[in-house]
file upload-v7.csv (CSV, C-alpha atoms)
chain,number,residue,atom,x,y,z
Q,29,MET,CA,0.0,0.0,0.0
Q,30,LYS,CA,1.7,3.2,-1.2
Q,31,ILE,CA,0.4,6.6,-0.1
Q,32,THR,CA,1.5,9.8,-1.9
Q,33,GLY,CA,0.5,13.4,-1.1
Q,34,ARG,CA,1.3,17.0,-0.3
Q,35,VAL,CA,2.8,17.5,3.2
Q,36,TRP,CA,1.3,19.5,6.0
Q,37,LYS,CA,3.9,19.8,8.8
Q,38,PHE,CA,3.1,19.8,12.5
Q,39,GLY,CA,5.3,19.9,15.6
Q,40,HIS,CA,5.6,17.8,18.7
Q,41,ASP,CA,2.9,16.8,21.2
Q,42,ILE,CA,-0.2,17.6,19.1
Q,43,ASN,CA,-3.0,16.6,21.4
Q,44,THR,CA,-6.4,15.2,20.7
Q,45,ASP,CA,-8.1,18.5,21.8
Q,46,LEU,CA,-6.5,20.2,18.9
Q,47,ILE,CA,-7.4,17.4,16.5
Q,48,PHE,CA,-10.9,16.8,17.7
Q,49,PRO,CA,-12.3,19.9,19.6
Q,50,HIS,CA,-14.4,19.0,22.6
Q,51,ASP,CA,-17.4,21.1,21.5
Q,52,SER,CA,-17.7,19.1,18.3
Q,53,ILE,CA,-18.4,15.8,19.9
Q,54,ARG,CA,-22.1,15.8,19.1
Q,55,LEU,CA,-21.7,17.0,15.5
Q,56,LYS,CA,-21.8,14.7,12.5
Q,57,PRO,CA,-18.3,13.5,11.3
Q,58,ALA,CA,-18.3,15.8,8.2
Q,59,GLU,CA,-19.0,18.8,10.5
Q,60,GLN,CA,-16.4,17.6,13.0
Q,61,ALA,CA,-13.8,17.3,10.3
Q,62,LYS,CA,-14.2,21.0,9.4
Q,63,LEU,CA,-13.1,21.9,12.9
Q,64,ILE,CA,-9.8,19.9,13.0
Q,65,PHE,CA,-6.9,22.1,14.3
Q,66,ARG,CA,-9.1,25.2,14.3
Q,67,ASP,CA,-7.4,26.4,17.6
Q,68,ASN,CA,-3.8,26.2,16.3
Q,69,ARG,CA,-4.3,26.5,12.5
Q,70,PRO,CA,-7.6,28.3,11.9
Q,71,GLY,CA,-9.0,27.6,8.4
Q,72,TRP,CA,-6.6,24.7,7.8
Q,73,SER,CA,-9.3,22.1,7.1
Q,74,GLU,CA,-10.5,24.3,4.2
Q,75,LEU,CA,-7.0,24.1,2.6
Q,76,VAL,CA,-6.6,20.4,2.8
Q,77,GLN,CA,-6.9,18.5,-0.5
Q,78,LYS,CA,-7.8,14.8,-0.9
Q,79,GLY,CA,-4.7,12.7,-0.3
Q,80,ASP,CA,-2.6,15.2,1.6
Q,81,ILE,CA,-0.3,13.9,4.3
Q,82,ILE,CA,0.4,15.1,7.8
Q,83,VAL,CA,4.1,14.9,8.9
Q,84,SER,CA,4.6,15.6,12.6
Q,85,GLY,CA,7.1,15.5,15.4
Q,86,LYS,CA,7.0,13.3,18.5
Q,87,ASN,CA,3.9,12.1,20.4
Q,88,PHE,CA,1.2,13.0,17.8
Q,89,GLY,CA,-2.3,12.3,19.3
Q,90,THR,CA,-1.4,12.6,22.9
Q,91,GLY,CA,-4.3,13.2,25.3
Q,92,SER,CA,-7.7,11.5,25.4
Q,93,ALA,CA,-8.9,8.5,23.4
Q,94,ARG,CA,-11.1,10.6,21.1
Q,95,PRO,CA,-11.0,9.0,17.7
Q,96,GLY,CA,-9.3,11.9,15.9
Q,97,ALA,CA,-8.0,9.5,13.2
Q,98,VAL,CA,-11.5,9.0,11.8
Q,99,LEU,CA,-11.8,12.8,11.4
Q,100,LEU,CA,-8.5,13.0,9.6
Q,101,LYS,CA,-9.7,10.3,7.3
Q,102,THR,CA,-13.1,12.0,6.9
Q,103,LEU,CA,-11.4,15.2,5.9
Q,104,GLY,CA,-9.7,13.3,3.1
Q,105,LEU,CA,-6.2,13.1,4.3
Q,106,GLY,CA,-4.3,10.2,2.7
Q,107,GLY,CA,-2.2,9.4,5.8
Q,108,MET,CA,0.3,10.4,8.4
Q,109,LEU,CA,4.0,10.2,9.1
Q,110,SER,CA,5.3,11.0,12.6
Q,111,ASP,CA,8.4,10.7,14.7
Q,112,SER,CA,6.2,9.0,17.2
Q,113,ILE,CA,2.4,8.5,17.6
Q,114,ASN,CA,0.7,8.2,20.9
Q,115,GLY,CA,-0.2,4.5,21.4
Q,116,VAL,CA,-4.0,4.9,21.6
Q,117,PHE,CA,-4.0,7.3,18.7
Q,118,PHE,CA,-2.0,4.9,16.6
Q,119,ARG,CA,-4.5,2.1,17.4
Q,120,ASN,CA,-7.3,4.4,16.3
Q,121,CYS,CA,-5.5,5.0,13.0
Q,122,VAL,CA,-5.4,1.3,12.3
Q,123,SER,CA,-8.9,0.7,13.6
Q,124,TYR,CA,-10.4,3.4,11.4
Q,125,GLY,CA,-8.3,2.5,8.3
Q,126,PHE,CA,-6.1,5.7,8.4
Q,127,PRO,CA,-2.6,4.9,7.0
Q,128,ALA,CA,0.1,6.0,9.5
Q,129,LEU,CA,3.8,5.2,10.1
Q,130,GLN,CA,6.1,6.3,12.8
Q,131,TYR,CA,9.8,6.5,12.5
Q,132,GLU,CA,12.2,8.7,14.6
Q,133,GLY,CA,13.5,11.6,12.5
Q,134,VAL,CA,10.9,11.4,9.7
Q,135,SER,CA,9.8,15.0,10.5
Q,136,ASP,CA,13.3,16.2,9.6
Q,137,LEU,CA,12.9,14.8,6.1
Q,138,PHE,CA,10.1,17.1,5.0
Q,139,GLU,CA,9.1,20.7,4.8
Q,140,GLU,CA,5.5,21.8,4.4
Q,141,GLY,CA,4.4,21.6,0.8
Q,142,ASP,CA,6.8,18.8,-0.1
Q,143,VAL,CA,5.4,15.7,-1.7
Q,144,ALA,CA,5.7,12.6,0.5
Q,145,GLU,CA,5.3,8.9,-0.4
Q,146,PHE,CA,5.3,6.0,2.0
Q,147,GLU,CA,4.6,2.3,1.9
Q,148,LEU,CA,3.0,0.5,4.8
Q,149,THR,CA,4.2,-2.9,3.7
Q,150,THR,CA,7.9,-2.0,3.3
Q,151,GLY,CA,8.2,1.0,5.6
Q,152,LEU,CA,10.0,3.0,2.8
Q,153,ILE,CA,9.5,6.8,3.2
Q,154,ARG,CA,10.4,9.1,0.4
Q,155,ASN,CA,10.4,12.9,-0.1
Q,156,LEU,CA,9.6,13.1,-3.8
Q,157,THR,CA,10.5,16.8,-3.8
Q,158,THR,CA,14.1,16.4,-2.5
Q,159,GLY,CA,14.7,12.8,-3.4
Q,160,LYS,CA,15.7,11.9,0.2
Q,161,GLU,CA,14.4,8.7,1.8
Q,162,LEU,CA,14.3,6.7,5.0
Q,163,GLN,CA,13.8,3.1,5.6
Q,164,GLY,CA,11.2,2.9,8.4
Q,165,THR,CA,9.6,-0.2,10.0
Q,166,PRO,CA,6.7,-1.7,8.0
Q,167,LEU,CA,3.4,-2.4,9.6
Q,168,PRO,CA,2.6,-6.0,10.4
Q,169,GLY,CA,0.5,-7.8,7.8
Q,170,SER,CA,-2.7,-7.9,9.9
Q,171,MET,CA,-2.5,-4.1,10.5
Q,172,VAL,CA,-1.9,-3.5,6.7
Q,173,GLU,CA,-4.9,-5.7,6.0
Q,174,THR,CA,-7.0,-3.7,8.4
Q,175,VAL,CA,-6.0,-0.3,6.9
Q,176,GLU,CA,-6.4,-1.5,3.4
Q,177,ALA,CA,-9.9,-2.8,4.2
Q,178,GLY,CA,-10.9,0.6,5.6
Q,179,GLY,CA,-10.8,-0.3,9.2
Q,180,VAL,CA,-11.8,-3.0,11.7
Q,181,ILE,CA,-15.5,-2.9,11.0
Q,182,ASP,CA,-14.8,-3.4,7.2
Q,183,VAL,CA,-12.6,-6.4,8.0
Q,184,LEU,CA,-15.3,-8.0,10.1
Q,185,ILE,CA,-17.9,-7.4,7.4
Q,186,SER,CA,-15.6,-8.9,4.7
Q,187,LYS,CA,-15.2,-12.0,6.8
Q,188,GLY,CA,-18.9,-12.3,7.4
Q,189,LEU,CA,-18.6,-11.8,11.1
Q,190,VAL,CA,-20.9,-8.8,11.3
Q,191,GLU,CA,-23.7,-7.5,9.1
Q,192,PRO,CA,-23.1,-4.2,7.2
Q,193,LEU,CA,-24.9,-1.2,8.5
Q,194,GLU,CA,-27.6,0.1,6.2

call {"tool": "encode", "arguments": {"input": "upload-v7.csv", "output": "structure tokens"}}
result
Amino acid sequence: MKITGRVWKFGHDINTDLIFPHDSIRLKPAEQAKLIFRDNRPGWSELVQKGDIIVSGKNFGTGSARPGAVLLKTLGLGGMLSDSINGVFFRNCVSYGFPALQYEGVSDLFEEGDVAEFELTTGLIRNLTTGKELQGTPLPGSMVETVEAGGVIDVLISKGLVEPLE
């Protein structure tokens, strides 16, 4: 699974309150997605194009267990690269089918606006703008299967373990 897109760069310790504002909890996902990062980057969600990629520093998704990954996916982002991702947030990325890799130093490889490409199955991370690359750690096969399927619910439906929602 190869993901390619324009980079949006974020720093360290981006918490779930910035990703998924508390006052948007009762809104529909499409409305919630419009409010992502409104407190630290007002208007950002209106600039995102389908397939764009977040590149961040350490500890992305720290804080609560709000499922911010589903909002990033709903907004149309193609995936995320981070020096490190909070454990709960990383599990939410996989569970909701949002492609993400973490590898120490990946944020130094990119500037905002660069074009990134990464492969979940090989862990290869490329900056297509500069030609630089890193060899990260690939995701285990079961995680790749879950992300490619669109998330845990889609895996369960495909295996006939749950009925699709109407």

call {"tool": "residues_near_point", "arguments": {"input": "upload-v7.csv", "point": "(-2.0, -0.3, 6.6)", "cutoff": "10 Å", "atoms": "all atoms listed in the file", "output": "ChimeraX atom specification"}}
result
/Q:29-31,107,121-123,125-129,147-149,166-179

call {"tool": "write_last_selection", "arguments": {"input": "upload-v7.csv", "atoms": "C-alpha atoms", "output": "PDB file, in the frame of the given file"}}
result
ATOM      1  CA  MET Q  29       0.000   0.000   0.000  1.00  0.00           C
ATOM      2  CA  LYS Q  30       1.700   3.200  -1.200  1.00  0.00           C
ATOM      3  CA  ILE Q  31       0.400   6.600  -0.100  1.00  0.00           C
ATOM      4  CA  GLY Q 107      -2.200   9.400   5.800  1.00  0.00           C
ATOM      5  CA  CYS Q 121      -5.500   5.000  13.000  1.00  0.00           C
ATOM      6  CA  VAL Q 122      -5.400   1.300  12.300  1.00  0.00           C
ATOM      7  CA  SER Q 123      -8.900   0.700  13.600  1.00  0.00           C
ATOM      8  CA  GLY Q 125      -8.300   2.500   8.300  1.00  0.00           C
ATOM      9  CA  PHE Q 126      -6.100   5.700   8.400  1.00  0.00           C
ATOM     10  CA  PRO Q 127      -2.600   4.900   7.000  1.00  0.00           C
ATOM     11  CA  ALA Q 128       0.100   6.000   9.500  1.00  0.00           C
ATOM     12  CA  LEU Q 129       3.800   5.200  10.100  1.00  0.00           C
ATOM     13  CA  GLU Q 147       4.600   2.300   1.900  1.00  0.00           C
ATOM     14  CA  LEU Q 148       3.000   0.500   4.800  1.00  0.00           C
ATOM     15  CA  THR Q 149       4.200  -2.900   3.700  1.00  0.00           C
ATOM     16  CA  PRO Q 166       6.700  -1.700   8.000  1.00  0.00           C
ATOM     17  CA  LEU Q 167       3.400  -2.400   9.600  1.00  0.00           C
ATOM     18  CA  PRO Q 168       2.600  -6.000  10.400  1.00  0.00           C
ATOM     19  CA  GLY Q 169       0.500  -7.800   7.800  1.00  0.00           C
ATOM     20  CA  SER Q 170      -2.700  -7.900   9.900  1.00  0.00           C
ATOM     21  CA  MET Q 171      -2.500  -4.100  10.500  1.00  0.00           C
ATOM     22  CA  VAL Q 172      -1.900  -3.500   6.700  1.00  0.00           C
ATOM     23  CA  GLU Q 173      -4.900  -5.700   6.000  1.00  0.00           C
ATOM     24  CA  THR Q 174      -7.000  -3.700   8.400  1.00  0.00           C
ATOM     25  CA  VAL Q 175      -6.000  -0.300   6.900  1.00  0.00           C
ATOM     26  CA  GLU Q 176      -6.400  -1.500   3.400  1.00  0.00           C
ATOM     27  CA  ALA Q 177      -9.900  -2.800   4.200  1.00  0.00           C
ATOM     28  CA  GLY Q 178     -10.900   0.600   5.600  1.00  0.00           C
ATOM     29  CA  GLY Q 179     -10.800  -0.300   9.200  1.00  0.00           C
TER      30      GLY Q 179
END

call {"tool": "closest_residue", "arguments": {"input": "upload-v7.csv", "among": "Q:Gly151, Q:Val35, Q:Ser73, Q:Ala144", "to": "Ala58 (chain Q)", "atoms": "only C-alpha atoms"}}
result
Q:Ser73

call {"tool": "residues_around", "arguments": {"input": "upload-v7.csv", "residues": "Gly91 (chain Q)", "least_positions_apart": "5", "cutoff": "8 Å", "atoms": "all atoms listed in the file", "output": "ChimeraX atom specification"}}
result
/Q:43-45

call {"tool": "closest_residue", "arguments": {"input": "upload-v7.csv", "among": "Q:Asp136, Q:Gly164, Q:Gly188, Q:Val143", "to": "Ser84 (chain Q)", "atoms": "only C-alpha atoms"}}
result
Q:Asp136

call {"tool": "closest_residue", "arguments": {"input": "upload-v7.csv", "among": "Q:Pro95, Q:Pro57, Q:Gly33, Q:Pro192", "to": "Ile153 (chain Q)", "atoms": "only C-alpha atoms"}}
result
Q:Gly33

call {"tool": "residues_around", "arguments": {"input": "upload-v7.csv", "residues": "Leu137 (chain Q)", "least_positions_apart": "4", "cutoff": "8 Å", "atoms": "all atoms listed in the file", "output": "number ranges by chain"}}
result
Q: 133, 155, 160-161

call {"tool": "closest_residue", "arguments": {"input": "upload-v7.csv", "among": "Q:Phe118, Q:Phe146, Q:Phe138, Q:Phe88", "to": "Asp41 (chain Q)", "atoms": "only C-alpha atoms"}}
result
Q:Phe88

call {"tool": "atom_distance", "arguments": {"input": "upload-v7.csv", "atom1": "CA of Ala61 (chain Q)", "atom2": "CA of Gly89 (chain Q)"}}
result
15.4 Å

call {"tool": "closest_residue", "arguments": {"input": "upload-v7.csv", "among": "Q:His50, Q:Gly106, Q:Thr157, Q:Gly141", "to": "Gly79 (chain Q)", "atoms": "only C-alpha atoms"}}
result
Q:Gly106

call {"tool": "build_atoms", "arguments": {"input": "upload-v7.csv", "residues": "region 127-161 of chain Q", "atoms": "N, CA and C atoms", "output": "short mmCIF file (atom, residue, chain, number, x, y, z; two decimals), keeping the file's coordinate frame"}}
result
data_model
loop_
_atom_site.label_atom_id
_atom_site.label_comp_id
_atom_site.auth_asym_id
_atom_site.auth_seq_id
_atom_site.Cartn_x
_atom_site.Cartn_y
_atom_site.Cartn_z
N PRO Q 127 -3.99 5.34 7.15
CA PRO Q 127 -2.60 4.90 7.00
C PRO Q 127 -1.65 5.83 7.84
N ALA Q 128 -0.82 5.21 8.68
CA ALA Q 128 0.10 6.00 9.50
C ALA Q 128 1.38 5.13 9.76
N LEU Q 129 2.52 5.79 9.69
CA LEU Q 129 3.80 5.20 10.10
C LEU Q 129 4.51 6.11 11.01
N GLN Q 130 5.22 5.53 11.95
CA GLN Q 130 6.10 6.30 12.80
C GLN Q 130 7.50 5.86 12.71
N TYR Q 131 8.39 6.86 12.63
CA TYR Q 131 9.80 6.50 12.50
C TYR Q 131 10.58 7.76 13.00
N GLU Q 132 11.43 7.57 13.99
CA GLU Q 132 12.20 8.70 14.60
C GLU Q 132 12.98 9.41 13.49
N GLY Q 133 12.79 10.72 13.43
CA GLY Q 133 13.50 11.60 12.50
C GLY Q 133 12.77 11.82 11.17
N VAL Q 134 11.60 11.23 10.99
CA VAL Q 134 10.90 11.40 9.70
C VAL Q 134 10.49 12.90 9.53
N SER Q 135 10.23 13.61 10.61
CA SER Q 135 9.80 15.00 10.50
C SER Q 135 10.94 15.88 9.89
N ASP Q 136 12.19 15.47 10.11
CA ASP Q 136 13.30 16.20 9.60
C ASP Q 136 13.48 16.06 8.06
N LEU Q 137 12.81 15.06 7.51
CA LEU Q 137 12.90 14.80 6.10
C LEU Q 137 12.06 15.67 5.21
N PHE Q 138 11.08 16.36 5.83
CA PHE Q 138 10.10 17.10 5.00
C PHE Q 138 9.92 18.54 5.51
N GLU Q 139 9.54 19.37 4.54
CA GLU Q 139 9.10 20.70 4.80
C GLU Q 139 7.62 20.79 4.31
N GLU Q 140 6.85 21.70 4.87
CA GLU Q 140 5.50 21.80 4.40
C GLU Q 140 5.43 22.14 2.93
N GLY Q 141 4.55 21.43 2.23
CA GLY Q 141 4.40 21.60 0.80
C GLY Q 141 5.17 20.59 -0.03
N ASP Q 142 6.14 19.89 0.60
CA ASP Q 142 6.80 18.80 -0.10
C ASP Q 142 5.84 17.72 -0.47
N VAL Q 143 6.24 16.82 -1.35
CA VAL Q 143 5.40 15.70 -1.70
C VAL Q 143 6.04 14.44 -1.04
N ALA Q 144 5.25 13.76 -0.21
CA ALA Q 144 5.70 12.60 0.50
C ALA Q 144 5.10 11.33 -0.14
N GLU Q 145 5.83 10.23 0.01
CA GLU Q 145 5.30 8.90 -0.40
C GLU Q 145 5.80 7.93 0.64
N PHE Q 146 4.88 7.04 1.06
CA PHE Q 146 5.30 6.00 2.00
C PHE Q 146 4.52 4.72 1.71
N GLU Q 147 5.16 3.62 2.08
CA GLU Q 147 4.60 2.30 1.90
C GLU Q 147 4.46 1.58 3.20
N LEU Q 148 3.23 1.19 3.53
CA LEU Q 148 3.00 0.50 4.80
C LEU Q 148 3.66 -0.87 4.85
N THR Q 149 3.69 -1.56 3.73
CA THR Q 149 4.20 -2.90 3.70
C THR Q 149 5.72 -3.02 3.74
N THR Q 150 6.41 -1.97 3.27
CA THR Q 150 7.90 -2.00 3.30
C THR Q 150 8.49 -1.03 4.27
N GLY Q 151 7.73 -0.01 4.68
CA GLY Q 151 8.20 1.00 5.60
C GLY Q 151 9.08 2.07 4.88
N LEU Q 152 9.18 2.02 3.56
CA LEU Q 152 10.00 3.00 2.80
C LEU Q 152 9.26 4.34 2.80
N ILE Q 153 9.99 5.39 3.16
CA ILE Q 153 9.50 6.80 3.20
C ILE Q 153 10.31 7.62 2.31
N ARG Q 154 9.65 8.32 1.37
CA ARG Q 154 10.40 9.10 0.40
C ARG Q 154 9.86 10.57 0.40
N ASN Q 155 10.78 11.50 0.24
CA ASN Q 155 10.40 12.90 -0.10
C ASN Q 155 10.63 13.03 -1.56
N LEU Q 156 9.55 13.05 -2.31
CA LEU Q 156 9.60 13.10 -3.80
C LEU Q 156 10.10 14.49 -4.25
N THR Q 157 10.02 15.50 -3.39
CA THR Q 157 10.50 16.80 -3.80
C THR Q 157 12.01 16.91 -3.72
N THR Q 158 12.62 16.32 -2.69
CA THR Q 158 14.10 16.40 -2.50
C THR Q 158 14.81 15.15 -2.96
N GLY Q 159 14.09 14.04 -3.08
CA GLY Q 159 14.70 12.80 -3.40
C GLY Q 159 15.27 12.00 -2.24
N LYS Q 160 15.17 12.57 -1.04
CA LYS Q 160 15.70 11.90 0.20
C LYS Q 160 14.70 10.80 0.59
N GLU Q 161 15.23 9.78 1.27
CA GLU Q 161 14.40 8.70 1.80
C GLU Q 161 14.90 8.12 3.05
#
